[in-house]
file coords.cif (mmCIF, C-alpha atoms)
data_structure
#
loop_
_atom_site.label_atom_id
_atom_site.label_comp_id
_atom_site.auth_asym_id
_atom_site.auth_seq_id
_atom_site.Cartn_x
_atom_site.Cartn_y
_atom_site.Cartn_z
CA MET A 1 -21.09 -5.35 1.02
CA SER A 2 -20.39 -8.93 2.07
CA THR A 3 -17.54 -9.46 4.50
CA THR A 4 -16.68 -13.00 3.43
CA PRO A 5 -13.07 -13.16 2.19
CA ASN A 6 -13.84 -14.20 -1.38
CA ARG A 7 -16.45 -11.47 -1.80
CA ILE A 8 -14.04 -8.88 -0.38
CA TYR A 9 -11.35 -9.95 -2.86
CA ASP A 10 -13.84 -9.81 -5.73
CA GLU A 11 -15.24 -6.40 -4.83
CA VAL A 12 -11.80 -4.90 -4.22
CA ARG A 13 -10.56 -6.30 -7.54
CA ASP A 14 -13.60 -4.94 -9.40
CA TYR A 15 -13.21 -1.51 -7.82
CA TYR A 16 -9.52 -1.17 -8.65
CA ALA A 17 -9.95 -2.61 -12.14
CA ALA A 18 -12.43 0.21 -12.78
CA ALA A 19 -9.98 2.71 -11.28
CA ALA A 20 -7.25 1.47 -13.64
CA ARG A 21 -9.53 1.92 -16.64
CA THR A 22 -10.40 5.43 -15.47
CA ALA A 23 -6.74 6.40 -15.15
CA ASP A 24 -5.93 4.82 -18.48
CA SER A 25 -8.58 7.03 -20.09
CA GLY A 26 -6.83 10.14 -18.80
CA GLN A 27 -9.02 10.84 -15.78
CA ALA A 28 -8.09 10.80 -12.10
CA ALA A 29 -9.23 7.64 -10.32
CA CYS A 30 -9.32 9.39 -6.96
CA CYS A 31 -11.43 10.42 -5.12
CA GLY A 32 -13.80 13.39 -4.93
CA PRO A 33 -13.73 16.63 -2.96
CA ASP A 34 -14.45 14.97 0.40
CA ALA A 35 -11.50 12.56 0.25
CA VAL A 36 -9.02 14.84 1.98
CA GLY A 37 -5.49 13.44 1.99
CA PHE A 38 -6.06 10.81 -0.70
CA GLY A 39 -4.53 10.46 -4.14
CA ALA A 40 -1.64 12.10 -5.95
CA ALA A 41 -1.90 15.30 -3.88
CA ASN A 42 0.31 13.54 -1.30
CA TYR A 43 3.31 13.73 -3.66
CA ASP A 44 5.48 16.62 -4.76
CA ASP A 45 8.02 14.77 -6.94
CA LEU A 46 5.98 13.41 -9.85
CA GLY A 47 7.50 15.48 -12.64
CA ASP A 48 9.35 12.57 -14.25
CA LEU A 49 6.50 10.04 -14.02
CA PRO A 50 3.88 9.22 -16.67
CA ASP A 51 0.59 11.02 -16.09
CA ALA A 52 -1.28 7.72 -15.74
CA ALA A 53 0.77 6.75 -12.67
CA ALA A 54 -0.46 9.83 -10.82
CA LEU A 55 -3.99 9.52 -12.17
CA ALA A 56 -4.24 5.96 -10.81
CA SER A 57 -3.09 6.94 -7.31
CA ILE A 58 -5.74 6.24 -4.65
CA GLY A 59 -3.46 6.10 -1.63
CA CYS A 60 -3.90 7.87 1.71
CA GLY A 61 -0.30 9.00 2.10
CA ASN A 62 3.21 8.92 0.68
CA PRO A 63 5.19 5.91 1.96
CA ILE A 64 8.26 7.03 0.02
CA ALA A 65 8.47 10.06 2.29
CA VAL A 66 8.76 7.86 5.40
CA ALA A 67 10.51 4.70 4.17
CA ASP A 68 14.00 6.27 4.13
CA LEU A 69 15.11 4.38 1.03
CA HIS A 70 18.81 4.08 0.19
CA PRO A 71 20.71 3.27 -3.02
CA GLY A 72 21.09 -0.45 -3.58
CA GLU A 73 18.09 -1.54 -1.51
CA THR A 74 15.37 -3.91 -2.65
CA VAL A 75 11.83 -2.64 -2.07
CA LEU A 76 8.44 -4.37 -2.19
CA ASP A 77 5.22 -2.37 -2.60
CA LEU A 78 2.12 -4.27 -1.48
CA GLY A 79 -0.88 -3.34 -3.61
CA SER A 80 1.16 -1.38 -6.12
CA GLY A 81 -1.73 -0.20 -8.29
CA GLY A 82 -0.63 1.95 -11.21
CA GLY A 83 2.96 1.85 -10.00
CA ILE A 84 3.47 5.34 -8.57
CA ASP A 85 5.29 4.18 -5.42
CA VAL A 86 7.29 1.53 -7.26
CA LEU A 87 8.56 4.04 -9.78
CA LEU A 88 9.44 6.57 -7.08
CA SER A 89 11.18 3.81 -5.08
CA ALA A 90 13.16 2.75 -8.13
CA LYS A 91 14.50 6.29 -8.45
CA ARG A 92 15.53 6.33 -4.78
CA VAL A 93 17.29 2.94 -4.76
CA GLY A 94 19.00 3.60 -8.10
CA PRO A 95 20.38 1.20 -10.67
CA THR A 96 21.98 -1.03 -8.03
CA GLY A 97 18.64 -1.45 -6.26
CA HIS A 98 15.35 -3.01 -7.29
CA ALA A 99 11.66 -2.25 -6.74
CA PHE A 100 8.93 -4.89 -6.85
CA GLY A 101 5.22 -4.16 -7.03
CA LEU A 102 2.60 -6.72 -6.07
CA ASP A 103 -1.03 -6.46 -7.11
CA MET A 104 -3.91 -8.88 -7.67
CA THR A 105 -5.70 -6.77 -10.29
CA ASP A 106 -4.71 -7.50 -13.89
CA GLU A 107 -5.82 -4.08 -15.14
CA MET A 108 -3.63 -2.31 -12.58
CA LEU A 109 -0.66 -4.54 -13.41
CA ASP A 110 -1.06 -3.82 -17.12
CA LEU A 111 -1.21 -0.09 -16.42
CA ALA A 112 1.79 -0.21 -14.07
CA ARG A 113 3.92 -2.09 -16.60
CA ARG A 114 3.08 0.45 -19.30
CA ASN A 115 3.94 3.25 -16.90
CA ALA A 116 7.29 1.61 -16.12
CA ASP A 117 8.04 1.30 -19.83
CA ASP A 118 7.07 4.93 -20.43
CA ALA A 119 9.29 6.01 -17.54
CA GLY A 120 12.23 3.93 -18.82
CA ALA A 121 12.50 2.22 -15.42
CA ALA A 122 14.78 -0.80 -15.79
CA ASN A 123 14.99 -1.78 -12.11
CA VAL A 124 11.30 -2.55 -11.49
CA GLU A 125 9.18 -5.69 -11.67
CA PHE A 126 5.44 -6.09 -11.17
CA LEU A 127 4.14 -9.38 -9.77
CA HIS A 128 0.63 -10.83 -9.79
CA GLY A 129 -0.54 -12.08 -6.41
CA ARG A 130 -2.09 -11.37 -3.06
CA MET A 131 -0.29 -9.77 -0.15
CA GLU A 132 -1.36 -12.68 2.04
CA ASP A 133 0.84 -14.97 -0.11
CA VAL A 134 3.72 -12.98 -1.60
CA PRO A 135 5.47 -14.77 -4.52
CA LEU A 136 8.99 -13.89 -3.35
CA PRO A 137 11.60 -15.86 -1.39
CA ASP A 138 12.25 -15.57 2.33
CA ALA A 139 14.58 -12.76 3.43
CA SER A 140 14.77 -11.19 -0.05
CA ILE A 141 13.55 -7.63 0.67
CA ASP A 142 15.07 -4.70 2.55
CA VAL A 143 11.98 -2.49 2.80
CA VAL A 144 8.24 -3.18 2.49
CA ILE A 145 6.01 -0.23 1.63
CA SER A 146 2.28 0.04 1.01
CA ASN A 147 -0.19 2.84 0.46
CA CYS A 148 -3.70 2.42 1.88
CA VAL A 149 -3.96 -1.25 0.94
CA ILE A 150 -3.46 -3.41 4.04
CA ASN A 151 -6.83 -2.22 5.34
CA LEU A 152 -8.38 -3.98 2.32
CA SER A 153 -7.15 -7.43 3.33
CA PRO A 154 -9.61 -9.85 4.97
CA ASP A 155 -6.64 -11.63 6.61
CA LYS A 156 -4.32 -9.02 8.07
CA PRO A 157 -2.35 -11.44 10.30
CA ALA A 158 -1.33 -13.26 7.11
CA VAL A 159 -0.17 -9.97 5.57
CA PHE A 160 1.90 -9.12 8.64
CA ALA A 161 3.43 -12.60 8.65
CA GLU A 162 4.32 -12.33 4.96
CA MET A 163 6.02 -8.99 5.51
CA VAL A 164 8.19 -10.53 8.21
CA ARG A 165 8.95 -13.55 6.03
CA VAL A 166 10.14 -11.65 2.97
CA LEU A 167 12.16 -9.06 4.90
CA ARG A 168 15.82 -9.61 5.56
CA PRO A 169 16.94 -9.46 9.21
CA GLY A 170 16.97 -5.80 10.16
CA GLY A 171 14.56 -4.95 7.34
CA ARG A 172 11.79 -2.44 7.87
CA ILE A 173 8.35 -1.31 6.81
CA GLY A 174 7.20 2.20 5.89
CA ILE A 175 3.47 2.13 5.28
CA SER A 176 0.61 4.56 4.81
CA ASP A 177 -2.74 3.11 5.83
CA VAL A 178 -6.14 3.95 7.25
CA VAL A 179 -6.35 3.22 10.98
CA THR A 180 -9.17 3.90 13.42
CA GLU A 181 -9.33 5.02 17.00
CA ASP A 182 -9.88 2.18 19.44
CA ARG A 183 -13.27 3.51 20.48
CA LEU A 184 -14.93 2.57 17.18
CA THR A 185 -16.73 -0.77 16.98
CA GLU A 186 -16.80 -2.91 13.86
CA ASP A 187 -20.32 -1.70 13.11
CA GLU A 188 -19.29 1.93 13.56
CA ARG A 189 -16.41 1.46 11.13
CA ALA A 190 -18.80 -0.03 8.57
CA GLU A 191 -21.16 2.93 9.05
CA ARG A 192 -18.35 5.34 8.14
CA GLY A 193 -17.35 3.69 4.88
CA SER A 194 -17.06 0.52 2.83
CA TYR A 195 -14.25 -1.99 2.49
CA VAL A 196 -13.32 -0.68 -0.94
CA GLY A 197 -13.49 2.82 0.54
CA CYS A 198 -10.68 1.80 2.91
CA ILE A 199 -12.65 2.26 6.13
CA ALA A 200 -14.78 -0.79 6.99
CA GLY A 201 -11.70 -3.01 7.02
CA ALA A 202 -9.42 -0.59 8.86
CA LEU A 203 -7.94 -1.85 12.12
CA PRO A 204 -8.09 -0.02 15.45
CA VAL A 205 -4.68 1.37 16.32
CA THR A 206 -4.12 -1.01 19.26
CA ASP A 207 -5.03 -4.06 17.18
CA TYR A 208 -2.77 -2.92 14.34
CA THR A 209 0.14 -2.37 16.73
CA GLN A 210 -0.36 -5.72 18.45
CA GLY A 211 -0.78 -7.52 15.12
CA LEU A 212 2.62 -6.31 13.96
CA ARG A 213 4.21 -7.27 17.26
CA ASP A 214 2.59 -10.72 17.19
CA ALA A 215 4.05 -11.25 13.71
CA GLY A 216 7.54 -10.56 15.09
CA PHE A 217 8.11 -6.86 14.41
CA VAL A 218 9.80 -4.54 16.89
CA ASP A 219 9.98 -0.76 17.20
CA VAL A 220 6.37 -0.49 16.04
CA SER A 221 4.97 3.03 15.71
CA ILE A 222 1.69 4.29 14.29
CA THR A 223 1.25 8.03 13.84
CA PHE A 224 -2.06 9.55 12.80
CA THR A 225 -1.82 12.16 10.04
CA ASN A 226 -5.05 13.28 8.31
CA GLN A 227 -8.46 12.66 9.83
CA VAL A 228 -10.67 11.12 7.15
CA GLY A 229 -13.77 10.61 9.29
CA ASP A 230 -14.99 10.55 12.85
CA GLY A 231 -12.41 8.37 14.61
CA VAL A 232 -10.80 7.39 11.28
CA HIS A 233 -7.32 8.54 10.27
CA SER A 234 -4.65 8.18 7.64
CA ALA A 235 -1.55 6.99 9.45
CA ILE A 236 2.15 6.33 9.04
CA VAL A 237 3.12 2.83 10.17
CA LYS A 238 6.72 1.88 10.87
CA ALA A 239 8.31 -1.26 12.27
CA THR A 240 11.50 -3.33 12.02
CA LYS A 241 12.27 -7.02 11.72
CA PRO A 242 14.81 -8.01 14.39
CA SER A 243 18.38 -8.39 13.19
CA THR A 244 18.75 -11.81 14.82
#

call {"tool": "encode", "arguments": {"input": "coords.cif", "output": "structure tokens"}}
result
Amino acid sequence: MSTTPNRIYDEVRDYYAAAARTADSGQAACCGPDAVGFGAANYDDLGDLPDAAALASIGCGNPIAVADLHPGETVLDLGSGGGIDVLLSAKRVGPTGHAFGLDMTDEMLDLARRNADDAGAANVEFLHGRMEDVPLPDASIDVVISNCVINLSPDKPAVFAEMVRVLRPGGRIGISDVVTEDRLTEDERAERGSYVGCIAGALPVTDYTQGLRDAGFVDVSITFTNQVGDGVHSAIVKATKPST
């Protein structure tokens, strides 16, 4: 796979467009018997959601379980896919809150909007765009979540900067992502999996931590959860935008 930004965007879009079509046909988009810790198995509260939302889930965790959402908050999900985390967030923040989903894949956006209609979710909105250039105003979001998507970006500093920009002072992130141990080289990461497989583009834990700090976040923590390969882990990522 090419590692030029445009090729990465194209290949990621093609992969997730195919995943959306698979879920829309009634089959699970994720992920095979070796993909431990990926997909809808990370959730235990899907009873009220359309089946297609769970079938489209390809995430490596459950950001809703760590984001500590409260009624009335505004949430942004980066790389929202079929909408599973947006719909769960909408339930947590309630009718006085709002949940945005951002995705660059038309097929996923179409699926997510149908899922929202089927779920009767009135406090959600799905936006077309890239997480490196979020189409929302400054300081408009209380919480940013994401599920195994930031590793797909060819420009992670831009993603971190956008998260800081859209968050209100004191806002926070609660993210699930794939992160590697520092000992792995770029070539070793590529040997363990592709970009679309969420491994080749994964950051080492020290680089991820420093990238968030360089963007302006404080209280950064990255906690490994499931091991998904030699030196490769699903992780919970938390951080806060300073209040002043």

call {"tool": "closest_residue", "arguments": {"input": "coords.cif", "among": "A:Val143, A:Val179, A:Leu69, A:Cys198", "to": "Tyr16 of chain A", "atoms": "all atoms listed in the file"}}
result
A:Cys198

call {"tool": "residues_around", "arguments": {"input": "coords.cif", "residues": "Val205 of chain A", "least_positions_apart": "2", "cutoff": "8 Å", "atoms": "all atoms listed in the file", "output": "MDAnalysis selection string"}}
result
chainID A and resid 179:182 203 207:209 222

call {"tool": "atom_distance", "arguments": {"input": "coords.cif", "atom1": "atom CA of Arg172 of chain A", "atom2": "atom CA of Thr240 of chain A"}}
result
4.3 Å

call {"tool": "resolve_selection", "arguments": {"input": "coords.cif", "expression": "the PyMOL selection byres ((chain A and resi 145) around 8)", "output": "ChimeraX atom specification"}}
result
/A:63-64,67,75-78,143-144,146-147,173-176

call {"tool": "write_last_selection", "arguments": {"input": "coords.cif", "atoms": "C-alpha atoms", "output": "short mmCIF file (atom, residue, chain, number, x, y, z; two decimals), in the coordinates of the input"}}
result
data_model
loop_
_atom_site.label_atom_id
_atom_site.label_comp_id
_atom_site.auth_asym_id
_atom_site.auth_seq_id
_atom_site.Cartn_x
_atom_site.Cartn_y
_atom_site.Cartn_z
CA PRO A 63 5.19 5.91 1.96
CA ILE A 64 8.26 7.03 0.02
CA ALA A 67 10.51 4.70 4.17
CA VAL A 75 11.83 -2.64 -2.07
CA LEU A 76 8.44 -4.37 -2.19
CA ASP A 77 5.22 -2.37 -2.60
CA LEU A 78 2.12 -4.27 -1.48
CA VAL A 143 11.98 -2.49 2.80
CA VAL A 144 8.24 -3.18 2.49
CA SER A 146 2.28 0.04 1.01
CA ASN A 147 -0.19 2.84 0.46
CA ILE A 173 8.35 -1.31 6.81
CA GLY A 174 7.20 2.20 5.89
CA ILE A 175 3.47 2.13 5.28
CA SER A 176 0.61 4.56 4.81
#

call {"tool": "closest_residue", "arguments": {"input": "coords.cif", "among": "A:Arg113, A:Arg7, A:Arg213, A:Lys156", "to": "Ala239 of chain A", "atoms": "all atoms listed in the file"}}
result
A:Arg213

call {"tool": "resolve_selection", "arguments": {"input": "coords.cif", "expression": "the PyMOL selection byres ((chain A and resi 73) around 9)", "output": "ChimeraX atom specification"}}
result
/A:69-72,74-75,92-94,96-99,141-143

call {"tool": "atom_distance", "arguments": {"input": "coords.cif", "atom1": "atom CA of Val237 of chain A", "atom2": "atom CA of Leu87 of chain A"}}
result
20.7 Å

call {"tool": "closest_residue", "arguments": {"input": "coords.cif", "among": "A:Ala215, A:Val232, A:Ala158, A:Leu49", "to": "Arg183 of chain A", "atoms": "only C-alpha atoms"}}
result
A:Val232

call {"tool": "resolve_selection", "arguments": {"input": "coords.cif", "expression": "the PyMOL selection byres ((chain A and resi 23) around 9)", "output": "PyMOL selection string"}}
result
chain A and resi 18-22+24-29+51-57+82+111

call {"tool": "write_last_selection", "arguments": {"input": "coords.cif", "atoms": "C-alpha atoms", "output": "short mmCIF file (atom, residue, chain, number, x, y, z; two decimals), in the frame of the given file"}}
result
data_model
loop_
_atom_site.label_atom_id
_atom_site.label_comp_id
_atom_site.auth_asym_id
_atom_site.auth_seq_id
_atom_site.Cartn_x
_atom_site.Cartn_y
_atom_site.Cartn_z
CA ALA A 18 -12.43 0.21 -12.78
CA ALA A 19 -9.98 2.71 -11.28
CA ALA A 20 -7.25 1.47 -13.64
CA ARG A 21 -9.53 1.92 -16.64
CA THR A 22 -10.40 5.43 -15.47
CA ASP A 24 -5.93 4.82 -18.48
CA SER A 25 -8.58 7.03 -20.09
CA GLY A 26 -6.83 10.14 -18.80
CA GLN A 27 -9.02 10.84 -15.78
CA ALA A 28 -8.09 10.80 -12.10
CA ALA A 29 -9.23 7.64 -10.32
CA ASP A 51 0.59 11.02 -16.09
CA ALA A 52 -1.28 7.72 -15.74
CA ALA A 53 0.77 6.75 -12.67
CA ALA A 54 -0.46 9.83 -10.82
CA LEU A 55 -3.99 9.52 -12.17
CA ALA A 56 -4.24 5.96 -10.81
CA SER A 57 -3.09 6.94 -7.31
CA GLY A 82 -0.63 1.95 -11.21
CA LEU A 111 -1.21 -0.09 -16.42
#

call {"tool": "atom_distance", "arguments": {"input": "coords.cif", "atom1": "atom CA of Val134 of chain A", "atom2": "atom CA of Ala17 of chain A"}}
result
20.1 Å

call {"tool": "closest_residue", "arguments": {"input": "coords.cif", "among": "A:Leu88, A:Met108, A:Met163, A:Val66", "to": "Asp48 of chain A", "atoms": "all atoms listed in the file"}}
result
A:Leu88

call {"tool": "closest_residue", "arguments": {"input": "coords.cif", "among": "A:Asp133, A:Asp110, A:Asp177, A:Asp103", "to": "Asn226 of chain A", "atoms": "all atoms listed in the file"}}
result
A:Asp177

call {"tool": "decode", "arguments": {"input": "coords.cif", "residues": "segment 172-188 of chain A", "atoms": "C-alpha atoms", "output": "short mmCIF file (atom, residue, chain, number, x, y, z; two decimals), in the first residue's frame"}}
result
data_model
loop_
_atom_site.label_atom_id
_atom_site.label_comp_id
_atom_site.auth_asym_id
_atom_site.auth_seq_id
_atom_site.Cartn_x
_atom_site.Cartn_y
_atom_site.Cartn_z
CA ARG A 172 -11.97 16.47 26.87
CA ILE A 173 -11.30 13.52 24.61
CA GLY A 174 -12.18 9.86 25.21
CA ILE A 175 -10.74 7.80 22.38
CA SER A 176 -10.14 4.17 21.52
CA ASP A 177 -7.26 3.68 19.11
CA VAL A 178 -4.49 1.33 18.08
CA VAL A 179 -1.14 2.33 19.58
CA THR A 180 2.21 0.57 19.39
CA GLU A 181 5.03 0.04 21.81
CA ASP A 182 7.93 2.43 21.28
CA ARG A 183 10.28 -0.38 20.31
CA LEU A 184 8.60 -0.96 16.94
CA THR A 185 10.05 0.79 13.90
CA GLU A 186 7.93 2.09 11.05
CA ASP A 187 8.89 -0.93 8.95
CA GLU A 188 7.98 -3.31 11.78
#
